[in-house]
>>> print(open('start-v6.cif').read())   # mmCIF, C-alpha atoms and all ligand atoms
data_run
#
loop_
_atom_site.label_atom_id
_atom_site.label_comp_id
_atom_site.auth_asym_id
_atom_site.auth_seq_id
_atom_site.Cartn_x
_atom_site.Cartn_y
_atom_site.Cartn_z
CA MET A 1 129.86 105.63 159.22
CA PHE A 2 127.38 104.05 156.83
CA ALA A 3 128.94 105.95 153.93
CA GLN A 4 132.06 103.84 154.42
CA LEU A 5 130.19 100.67 153.49
CA LYS A 6 131.43 98.92 150.37
CA PRO A 7 129.02 98.04 147.56
CA VAL A 8 127.91 94.40 147.50
CA ALA A 9 127.09 92.41 144.35
CA THR A 10 123.45 91.36 143.93
CA ASP A 11 122.78 87.76 144.98
CA PRO A 12 123.00 85.65 141.79
CA ILE A 13 119.74 83.82 142.55
CA LEU A 14 117.59 86.32 144.45
CA GLY A 15 118.69 89.16 142.14
CA LEU A 16 117.34 87.16 139.24
CA MET A 17 114.00 86.72 141.02
CA ALA A 18 113.67 90.52 141.32
CA ALA A 19 114.65 91.08 137.66
CA TYR A 20 112.08 88.53 136.49
CA ARG A 21 109.31 90.17 138.55
CA GLU A 22 110.06 93.54 136.94
CA ASP A 23 110.09 92.22 133.34
CA PRO A 24 106.84 93.32 131.61
CA ASN A 25 107.12 90.71 128.76
CA PRO A 26 104.01 88.46 128.97
CA LEU A 27 106.05 85.58 127.52
CA LYS A 28 108.68 85.69 130.26
CA VAL A 29 109.85 82.37 131.70
CA ASP A 30 111.30 82.00 135.19
CA LEU A 31 113.87 79.20 135.40
CA GLY A 32 115.84 80.99 138.11
CA VAL A 33 115.06 80.47 141.76
CA GLY A 34 114.42 76.93 143.05
CA VAL A 35 110.72 77.24 143.69
CA TYR A 36 108.17 74.68 142.50
CA LYS A 37 105.53 75.92 140.04
CA ASP A 38 102.56 73.98 138.76
CA GLU A 39 101.25 73.69 135.15
CA GLN A 40 99.74 77.18 135.55
CA GLY A 41 103.09 78.61 136.60
CA HIS A 42 101.77 79.12 140.11
CA THR A 43 103.39 78.24 143.45
CA ALA A 44 100.23 77.13 145.21
CA VAL A 45 99.92 76.42 148.94
CA LEU A 46 99.71 72.62 149.32
CA LYS A 47 96.28 71.30 150.30
CA CYS A 48 97.74 69.49 153.32
CA VAL A 49 99.24 72.82 154.46
CA LYS A 50 95.88 74.60 154.09
CA GLU A 51 94.22 71.94 156.24
CA ALA A 52 96.96 72.07 158.86
CA GLU A 53 96.71 75.88 158.97
CA ALA A 54 92.96 75.66 159.58
CA LEU A 55 93.65 73.25 162.44
CA ARG A 56 96.28 75.55 163.87
CA LEU A 57 93.90 78.51 163.80
CA LYS A 58 91.37 76.46 165.71
CA GLN A 59 93.71 74.88 168.23
CA GLU A 60 96.30 77.55 169.00
CA ASP A 61 95.66 79.12 172.39
CA SER A 62 98.93 80.91 173.15
CA LYS A 63 101.65 82.92 171.48
CA THR A 64 104.16 82.46 174.25
CA TYR A 65 107.81 81.69 173.39
CA ILE A 66 108.53 78.15 172.21
CA GLY A 67 112.15 77.87 173.38
CA MET A 68 115.52 77.77 171.68
CA ALA A 69 115.15 74.30 170.12
CA GLY A 70 111.82 75.34 168.63
CA ASP A 71 108.88 72.97 168.36
CA LEU A 72 109.86 69.65 169.95
CA GLY A 73 107.12 67.72 168.14
CA PHE A 74 108.44 69.03 164.83
CA ASN A 75 112.01 68.11 165.80
CA ALA A 76 111.02 64.50 166.55
CA HIS A 77 109.15 64.26 163.23
CA ILE A 78 111.97 65.73 161.18
CA GLU A 79 114.51 63.32 162.71
CA LYS A 80 112.33 60.36 161.72
CA LEU A 81 111.72 61.77 158.26
CA ALA A 82 115.45 62.12 157.67
CA PHE A 83 116.87 59.04 159.39
CA GLY A 84 113.86 56.70 159.23
CA ASN A 85 111.73 55.59 162.20
CA SER A 86 114.13 53.22 163.91
CA HIS A 87 117.58 54.33 162.82
CA PRO A 88 120.32 53.27 165.29
CA VAL A 89 121.31 56.91 165.97
CA LEU A 90 117.76 57.64 167.13
CA LEU A 91 117.47 54.45 169.18
CA ALA A 92 120.79 55.25 170.90
CA ASN A 93 119.67 58.80 171.70
CA ARG A 94 122.62 60.26 169.81
CA VAL A 95 120.76 63.04 167.93
CA THR A 96 119.80 66.54 169.01
CA THR A 97 117.74 68.79 166.73
CA ALA A 98 116.77 72.44 166.68
CA HIS A 99 114.23 73.81 164.27
CA THR A 100 115.60 76.85 162.48
CA PRO A 101 114.48 79.74 160.28
CA GLY A 102 114.75 77.85 156.97
CA GLY A 103 117.51 75.63 155.64
CA THR A 104 119.77 78.69 155.43
CA GLY A 105 119.24 79.26 159.16
CA ALA A 106 120.14 75.61 159.75
CA LEU A 107 123.39 76.02 157.81
CA ARG A 108 124.33 79.19 159.68
CA VAL A 109 123.66 77.57 163.07
CA ALA A 110 125.65 74.51 161.95
CA ALA A 111 128.54 76.77 160.90
CA GLU A 112 128.61 78.59 164.26
CA PHE A 113 128.42 75.20 166.03
CA ILE A 114 131.40 73.88 164.02
CA LYS A 115 133.33 77.03 164.86
CA ARG A 116 132.79 76.34 168.56
CA ALA A 117 133.76 72.69 168.30
CA ASN A 118 136.86 73.37 166.20
CA PRO A 119 137.71 77.03 165.50
CA ASP A 120 140.36 75.89 162.99
CA ALA A 121 138.02 73.71 160.93
CA THR A 122 137.87 74.15 157.18
CA ILE A 123 134.60 73.25 155.49
CA TRP A 124 134.90 71.57 152.09
CA VAL A 125 132.16 72.12 149.52
CA THR A 126 131.52 70.64 146.09
CA THR A 127 132.61 72.48 142.92
CA PRO A 128 130.15 73.88 142.09
CA THR A 129 127.78 74.28 145.02
CA TRP A 130 124.72 76.31 146.00
CA ALA A 131 125.52 79.99 145.36
CA ASN A 132 125.05 80.91 149.04
CA HIS A 133 127.10 78.14 150.68
CA ILE A 134 130.53 79.73 150.47
CA SER A 135 129.58 83.24 151.58
CA LEU A 136 127.38 81.86 154.37
CA PHE A 137 130.20 79.77 155.83
CA GLN A 138 132.76 82.55 155.42
CA ALA A 139 130.40 84.97 157.17
CA ALA A 140 130.41 82.58 160.13
CA GLY A 141 134.22 82.73 160.17
CA LEU A 142 134.91 79.28 158.70
CA LYS A 143 137.61 78.65 156.14
CA VAL A 144 136.12 77.19 152.96
CA LYS A 145 137.78 74.92 150.39
CA GLU A 146 136.30 73.14 147.39
CA TYR A 147 136.53 69.55 146.18
CA ALA A 148 135.97 68.36 142.60
CA TYR A 149 132.41 67.24 141.91
CA TYR A 150 130.59 68.04 138.66
CA ASP A 151 132.24 67.46 135.31
CA TYR A 152 131.02 70.12 132.87
CA ASP A 153 132.40 68.12 129.93
CA THR A 154 130.91 64.69 130.58
CA LYS A 155 127.85 66.09 132.51
CA GLY A 156 128.55 63.48 135.17
CA LEU A 157 130.68 63.41 138.31
CA LYS A 158 134.46 63.73 138.54
CA THR A 159 134.35 60.61 140.67
CA GLU A 160 138.02 59.65 140.89
CA GLN A 161 139.24 63.23 141.30
CA MET A 162 136.60 63.82 143.97
CA PHE A 163 137.67 60.82 146.04
CA ALA A 164 141.37 61.60 145.54
CA GLU A 165 140.79 65.11 146.89
CA LEU A 166 138.62 63.90 149.79
CA ALA A 167 141.40 61.46 150.69
CA GLN A 168 143.54 64.53 151.53
CA VAL A 169 141.03 66.16 153.89
CA PRO A 170 142.50 66.24 157.40
CA ALA A 171 140.74 65.01 160.56
CA GLY A 172 138.84 67.83 162.22
CA ASP A 173 137.65 69.37 158.95
CA VAL A 174 134.06 69.21 157.75
CA VAL A 175 132.92 67.99 154.33
CA LEU A 176 129.59 69.20 153.02
CA VAL A 177 127.73 66.65 150.90
CA HIS A 178 124.34 67.18 149.23
CA ALA A 179 121.92 64.44 150.33
CA CYS A 180 120.05 64.45 147.00
CA CYS A 181 119.07 66.74 144.13
CA HIS A 182 122.48 68.41 144.03
CA ASN A 183 122.10 72.17 143.79
CA PRO A 184 123.04 73.41 141.20
CA SER A 185 123.88 70.43 138.95
CA GLY A 186 121.15 67.84 139.67
CA MET A 187 123.91 65.18 139.63
CA ASP A 188 123.81 63.01 142.75
CA LEU A 189 126.14 60.49 144.34
CA ASN A 190 124.99 56.94 143.63
CA PHE A 191 124.86 54.42 146.45
CA GLU A 192 128.30 53.02 145.73
CA GLN A 193 129.72 56.54 145.85
CA TRP A 194 127.99 57.11 149.23
CA GLN A 195 129.74 53.95 150.43
CA ARG A 196 133.10 55.25 149.25
CA PHE A 197 132.40 58.64 150.84
CA THR A 198 131.58 56.89 154.14
CA GLU A 199 134.79 54.83 154.01
CA LEU A 200 136.83 57.99 153.50
CA ALA A 201 135.08 59.81 156.36
CA LEU A 202 135.97 56.89 158.64
CA GLU A 203 139.51 56.61 157.33
CA ARG A 204 140.33 60.34 157.38
CA GLY A 205 138.29 61.34 160.43
CA PHE A 206 136.53 64.30 158.82
CA THR A 207 133.00 65.20 159.89
CA PRO A 208 130.28 65.12 157.23
CA LEU A 209 127.71 67.90 156.99
CA VAL A 210 124.77 66.63 154.95
CA ASP A 211 122.67 69.34 153.32
CA MET A 212 119.21 67.97 152.57
CA ALA A 213 117.09 70.78 151.13
CA TYR A 214 115.13 68.66 148.63
CA GLN A 215 114.12 65.41 150.35
CA GLY A 216 111.35 63.83 148.27
CA PHE A 217 112.12 65.75 145.08
CA GLY A 218 114.58 63.20 143.68
CA SER A 219 113.25 59.64 143.80
CA GLY A 220 111.18 59.60 147.01
CA LEU A 221 111.38 60.48 150.71
CA ASP A 222 113.20 57.28 151.75
CA GLU A 223 115.22 56.87 148.56
CA ASP A 224 116.57 60.44 148.82
CA ALA A 225 117.76 59.80 152.39
CA LYS A 226 119.39 56.44 151.64
CA GLY A 227 122.96 57.80 151.49
CA LEU A 228 122.50 59.88 154.65
CA ARG A 229 121.09 56.88 156.54
CA TYR A 230 123.95 54.64 155.45
CA LEU A 231 126.53 57.25 156.43
CA ALA A 232 124.86 57.96 159.82
CA GLU A 233 124.93 54.25 160.68
CA ARG A 234 128.70 54.18 160.37
CA VAL A 235 130.30 57.49 161.34
CA SER A 236 130.38 58.62 164.95
CA GLU A 237 129.51 62.27 164.26
CA LEU A 238 127.72 64.24 161.58
CA LEU A 239 125.65 67.36 161.03
CA LEU A 240 122.44 67.42 159.04
CA CYS A 241 120.74 70.57 157.73
CA SER A 242 117.26 70.01 156.36
CA SER A 243 114.58 72.25 154.95
CA CYS A 244 110.79 72.16 154.55
CA SER A 245 110.79 74.99 152.00
CA LYS A 246 110.50 72.78 148.95
CA ASN A 247 108.93 69.50 150.06
CA PHE A 248 106.17 71.20 152.10
CA GLY A 249 106.12 74.31 149.86
CA LEU A 250 106.63 76.46 152.97
CA TYR A 251 109.25 78.76 151.43
CA ARG A 252 108.29 82.05 153.05
CA GLU A 253 107.53 80.51 156.43
CA ARG A 254 111.26 79.79 156.81
CA ILE A 255 111.26 76.34 158.33
CA GLY A 256 114.28 74.04 158.49
CA ALA A 257 116.23 72.07 161.07
CA VAL A 258 119.75 71.33 162.18
CA SER A 259 120.41 67.89 163.65
CA ILE A 260 123.69 66.96 165.30
CA VAL A 261 124.59 63.28 165.55
CA SER A 262 127.17 62.68 168.31
CA ALA A 263 129.27 59.66 169.26
CA ASP A 264 127.06 58.76 172.24
CA SER A 265 124.23 60.19 174.31
CA GLN A 266 126.61 61.93 176.71
CA VAL A 267 128.34 63.86 173.93
CA MET A 268 124.89 64.52 172.51
CA GLU A 269 124.00 66.42 175.72
CA LEU A 270 127.13 68.52 175.32
CA ALA A 271 126.27 69.16 171.67
CA LYS A 272 122.72 70.11 172.67
CA VAL A 273 123.67 72.83 175.18
CA ASN A 274 126.11 74.29 172.70
CA LEU A 275 123.61 74.17 169.87
CA LEU A 276 121.01 75.98 171.98
CA SER A 277 123.53 78.57 173.09
CA VAL A 278 124.43 79.24 169.42
CA VAL A 279 120.73 79.70 168.65
CA ARG A 280 120.30 82.04 171.64
CA SER A 281 123.18 84.22 170.49
CA ILE A 282 121.77 84.65 166.97
CA TYR A 283 117.97 84.83 167.16
CA SER A 284 116.95 83.40 170.56
CA MET A 285 114.36 81.07 169.15
CA PRO A 286 112.77 80.32 165.78
CA PRO A 287 109.35 81.42 164.51
CA ALA A 288 106.71 78.75 165.27
CA HIS A 289 104.27 78.77 162.37
CA GLY A 290 105.98 76.56 159.79
CA ALA A 291 107.05 73.96 162.36
CA ILE A 292 103.54 73.62 163.77
CA ILE A 293 102.10 73.22 160.26
CA VAL A 294 104.55 70.41 159.52
CA SER A 295 103.82 68.82 162.92
CA HIS A 296 100.08 68.90 162.29
CA ILE A 297 100.60 67.21 158.92
CA LEU A 298 102.91 64.51 160.26
CA ASP A 299 100.75 63.94 163.38
CA SER A 300 97.84 62.96 161.12
CA ALA A 301 97.90 59.80 158.98
CA GLU A 302 95.36 61.39 156.66
CA LEU A 303 97.30 64.64 156.14
CA THR A 304 100.55 62.71 155.78
CA ALA A 305 99.01 60.62 152.99
CA LEU A 306 97.80 63.79 151.29
CA TRP A 307 101.27 65.32 151.61
CA HIS A 308 102.91 62.22 150.10
CA GLN A 309 100.51 62.45 147.17
CA GLU A 310 101.13 66.17 146.62
CA LEU A 311 104.90 65.70 146.90
CA ALA A 312 104.81 62.85 144.38
CA GLU A 313 102.83 65.07 141.97
CA MET A 314 105.50 67.78 142.18
CA ARG A 315 108.33 65.26 141.73
CA ASP A 316 106.65 63.48 138.81
CA ARG A 317 105.85 66.72 137.01
CA ILE A 318 109.50 67.79 137.14
CA ASN A 319 110.73 64.37 136.06
CA ASN A 320 108.32 64.33 133.10
CA TYR A 321 109.63 67.71 132.01
CA ARG A 322 113.20 66.41 132.10
CA GLN A 323 112.31 64.05 129.23
CA LEU A 324 110.07 66.62 127.55
CA ILE A 325 112.93 69.14 127.32
CA ILE A 326 115.06 66.54 125.54
CA ASP A 327 112.20 65.69 123.14
CA LYS A 328 111.35 69.32 122.40
CA PHE A 329 115.02 70.21 121.80
CA ALA A 330 115.25 67.34 119.31
CA ALA A 331 112.02 68.50 117.62
CA GLU A 332 113.58 71.98 117.19
CA GLY A 333 116.52 70.38 115.37
CA ILE A 334 119.03 70.76 118.23
CA THR A 335 121.73 68.17 117.63
CA GLN A 336 123.77 68.63 120.84
CA ASP A 337 123.34 65.83 123.36
CA PHE A 338 121.06 66.90 126.21
CA SER A 339 120.25 63.34 127.35
CA PHE A 340 122.06 64.06 130.66
CA ILE A 341 119.02 66.09 131.79
CA ALA A 342 117.08 62.84 132.26
CA ARG A 343 119.87 61.34 134.38
CA GLN A 344 119.83 64.20 136.89
CA HIS A 345 117.56 64.69 139.89
CA GLY A 346 115.55 67.37 141.63
CA MET A 347 114.70 70.87 140.51
CA PHE A 348 117.90 71.72 138.66
CA SER A 349 120.14 70.91 135.72
CA PHE A 350 122.90 72.84 134.04
CA LEU A 351 122.09 73.39 130.38
CA GLY A 352 125.79 73.81 129.70
CA ILE A 353 125.31 76.83 127.43
CA ASN A 354 127.65 79.83 127.52
CA LYS A 355 127.24 83.27 129.09
CA ALA A 356 126.48 85.03 125.79
CA GLN A 357 123.71 82.50 125.11
CA ILE A 358 122.30 82.88 128.65
CA ASP A 359 122.33 86.69 128.26
CA ARG A 360 120.58 86.45 124.89
CA LEU A 361 117.88 84.20 126.33
CA ARG A 362 117.24 86.81 129.02
CA ASP A 363 117.55 89.96 126.90
CA GLU A 364 115.79 88.78 123.72
CA PHE A 365 113.36 86.18 125.06
CA SER A 366 112.88 87.10 128.75
CA ILE A 367 113.97 83.60 129.77
CA TYR A 368 115.71 83.78 133.13
CA MET A 369 118.24 81.24 134.40
CA VAL A 370 121.21 81.49 136.77
CA GLY A 371 124.49 82.66 135.15
CA SER A 372 125.95 79.17 135.50
CA SER A 373 123.20 77.94 133.10
CA ARG A 374 121.34 76.31 136.01
CA VAL A 375 117.68 75.93 135.11
CA SER A 376 114.90 75.32 137.59
CA ILE A 377 112.88 72.81 135.58
CA ALA A 378 109.68 73.47 137.56
CA GLY A 379 109.43 76.84 135.78
CA LEU A 380 108.46 75.03 132.56
CA ASN A 381 104.89 74.15 131.62
CA HIS A 382 102.86 73.30 128.52
CA ALA A 383 102.29 76.97 127.76
CA ASN A 384 106.00 77.90 127.65
CA ILE A 385 108.01 74.74 126.81
CA ASP A 386 107.82 75.26 123.02
CA TYR A 387 108.77 78.93 123.36
CA PHE A 388 111.70 77.87 125.57
CA ALA A 389 112.88 75.11 123.18
CA LYS A 390 112.68 77.45 120.14
CA ALA A 391 114.58 80.19 121.98
CA VAL A 392 117.35 77.75 123.01
CA ALA A 393 117.56 76.45 119.43
CA THR A 394 117.90 80.06 118.20
CA VAL A 395 120.72 80.98 120.58
CA LEU A 396 122.56 77.69 119.97
CA LYS A 397 122.59 78.43 116.23
CA GLY A 398 124.44 81.66 117.06
C1 LIG B 401 117.81 78.13 145.07
O1 LIG B 401 118.92 77.59 145.04
O2 LIG B 401 117.31 78.66 144.07
C2 LIG B 401 117.02 78.12 146.34
O3 LIG B 401 117.67 77.37 147.31
C3 LIG B 401 116.63 79.46 146.80
C4 LIG B 401 117.75 80.26 147.40
O4 LIG B 401 117.59 80.76 148.52
O5 LIG B 401 118.80 80.41 146.78
#
>>> encode(input="start-v6.cif", output="structure tokens", more="lines below")
Ligand code: LMR
Amino acid sequence: MFAQLKPVATDPILGLMAAYREDPNPLKVDLGVGVYKDEQGHTAVLKCVKEAEALRLKQEDSKTYIGMAGDLGFNAHIEKLAFGNSHPVLLANRVTTAHTPGGTGALRVAAEFIKRANPDATIWVTTPTWANHISLFQAAGLKVKEYAYYDYDTKGLKTEQMFAELAQVPAGDVVLVHACCHNPSGMDLNFEQWQRFTELALERGFTPLVDMAYQGFGSGLDEDAKGLRYLAERVSELLLCSSCSKNFGLYRERIGAVSIVSADSQVMELAKVNLLSVVRSIYSMPPAHGAIIVSHILDSAELTALWHQELAEMRDRINNYRQLIIDKFAAEGITQDFSFIARQHGMFSFLGINKAQIDRLRDEFSIYMVGSSRVSIAGLNHANIDYFAKAVATVLKG
């Protein structure tokens, strides 16, 4: 039976990670997967995480099951982190949260939940969107459609086209919106656009699904959640998928959360039993480690302050490199306009170079980026930025 399986294409992001690891070139540069690296090119464990892990080792006295919703302390923290301490949806007891195996786990649980609530729902995603969104939703049996978002020509948003297309989305469908640090383009909705998005959600009756995988990597923890908080104050229902992979650097621990905001606390109870039953049917309950680490950090004012500091360091380093890329390109005599890189947020930007140029960068210079020309800016450091800028200048000359 297994011989009947059809070949499957390598994942565009994870395949790149494997290719980079195998490349023996000492000058190789990894701008592929969205993983933070420091000035030494290392993805270090955050200090606050190390301290929380030491605490966990000391305090943990049981390995019994934690239950389908996962760690309840973590869930309460993650709701406050996303919505803010006294958001109306929290005060009205309208939110139920389950901690999940990573942000991808959150999205899959959300998809199965949507399927239960409305088996005919179509989920609308931005063009372009994270490489895994479409296949993940289709695997859960949802229909997927795209709406206009990034403009490859102007390096901004296709604002009017986007809102015209969203104005056609029928009630009962779901629209995925990136909370901040749009993956892959780095181009976010501004506050006025969040307001327009909210108006349309109310007018059309579609349900927003907010994907927040990079809270704190754009402008700050609260700033990055501003659109989500505004939206959640006005619509009666939404789904939120969040992740602690990037902002706590807990990638391999697989820790994320799905939060369902319902119209009132009664519907919330209905949403909760369904959410837990979805979890039970997929993996019973999530692994505990990452959630307890995050809980330990957020339970402690001291560790929270350390986390804020470490998160700000990561964010600032990436933002500094956004300007540095522009300066280094200019110093190499590149005349094309790359100023858009400084206007974008989070780990990624599209360079906007073509496939032949991307292939040359990989084959001749061992510089790895996603085939769409998405670069993970955190892969740059003082030791490789000149090499990178020179290589780009070479391929642009043709
Ligand atoms: C990325 O977009 O690079 C990250 O979200 C990692 C992944 O799983 O694709």
>>> residues_around(input="start-v6.cif", residues="Trp194 (chain A)", least_positions_apart="5", cutoff="9 Å", atoms="only C-alpha atoms", output="ChimeraX atom specification")
/A:189,199,226-228,230-231
>>> closest_residue(input="start-v6.cif", among="A:Gln215, A:Asn85, A:Ser277, A:Ser376", to="ligand LIG 401 (chain B)", atoms="all atoms listed in the file")
A:Ser376
>>> residues_near_ligand(input="start-v6.cif", ligand="ligand LIG 401 (chain B)", cutoff="8 Å", atoms="all atoms listed in the file", output="JSON, numbers by chain")
{"A": [13, 14, 32, 33, 34, 35, 104, 130, 131, 132, 183, 184, 213, 376]}
>>> residues_around(input="start-v6.cif", residues="Glu332 (chain A)", least_positions_apart="4", cutoff="9 Å", atoms="all atoms listed in the file", output="PyMOL selection string")
chain A and resi 327-328+386+389-390+393
>>> residues_near_point(input="start-v6.cif", point="(127.6, 65.1, 131.1)", cutoff="12 Å", atoms="all atoms listed in the file", output="list in words")
Tyr150, Asp151, Tyr152, Asp153, Thr154, Lys155, Gly156, Leu157, Lys158, Ser185, Gly186, Met187, Gln336, Asp337, Phe338, Ser339, Phe340, Ile341, Ala342, Arg343, Gln344, Ser349, Phe350, Leu351 and Gly352 of chain A
>>> atom_distance(input="start-v6.cif", atom1="CA of Met17 (chain A)", atom2="CA of Ala98 (chain A)")
29.5 Å
>>> atom_distance(input="start-v6.cif", atom1="CA of Asn354 (chain A)", atom2="CA of Ala391 (chain A)")
14.2 Å
>>> atom_distance(input="start-v6.cif", atom1="CA of Trp307 (chain A)", atom2="CA of Phe217 (chain A)")
12.7 Å
>>> closest_residue(input="start-v6.cif", among="A:Leu306, A:Leu200, A:Trp124, A:Cys180", to="Asp222 (chain A)", atoms="all atoms listed in the file")
A:Cys180
>>> residues_around(input="start-v6.cif", residues="Gly398 (chain A)", least_positions_apart="4", cutoff="10 Å", atoms="only C-alpha atoms", output="PyMOL selection string")
chain A and resi 356-357+360+393-394
>>> residues_near_point(input="start-v6.cif", point="(132.4, 52.9, 169.3)", cutoff="12 Å", atoms="only C-alpha atoms", output="list in words")
Ala92, Leu202, Glu233, Arg234, Val235, Ser236, Glu237, Ser262, Ala263 and Asp264 of chain A
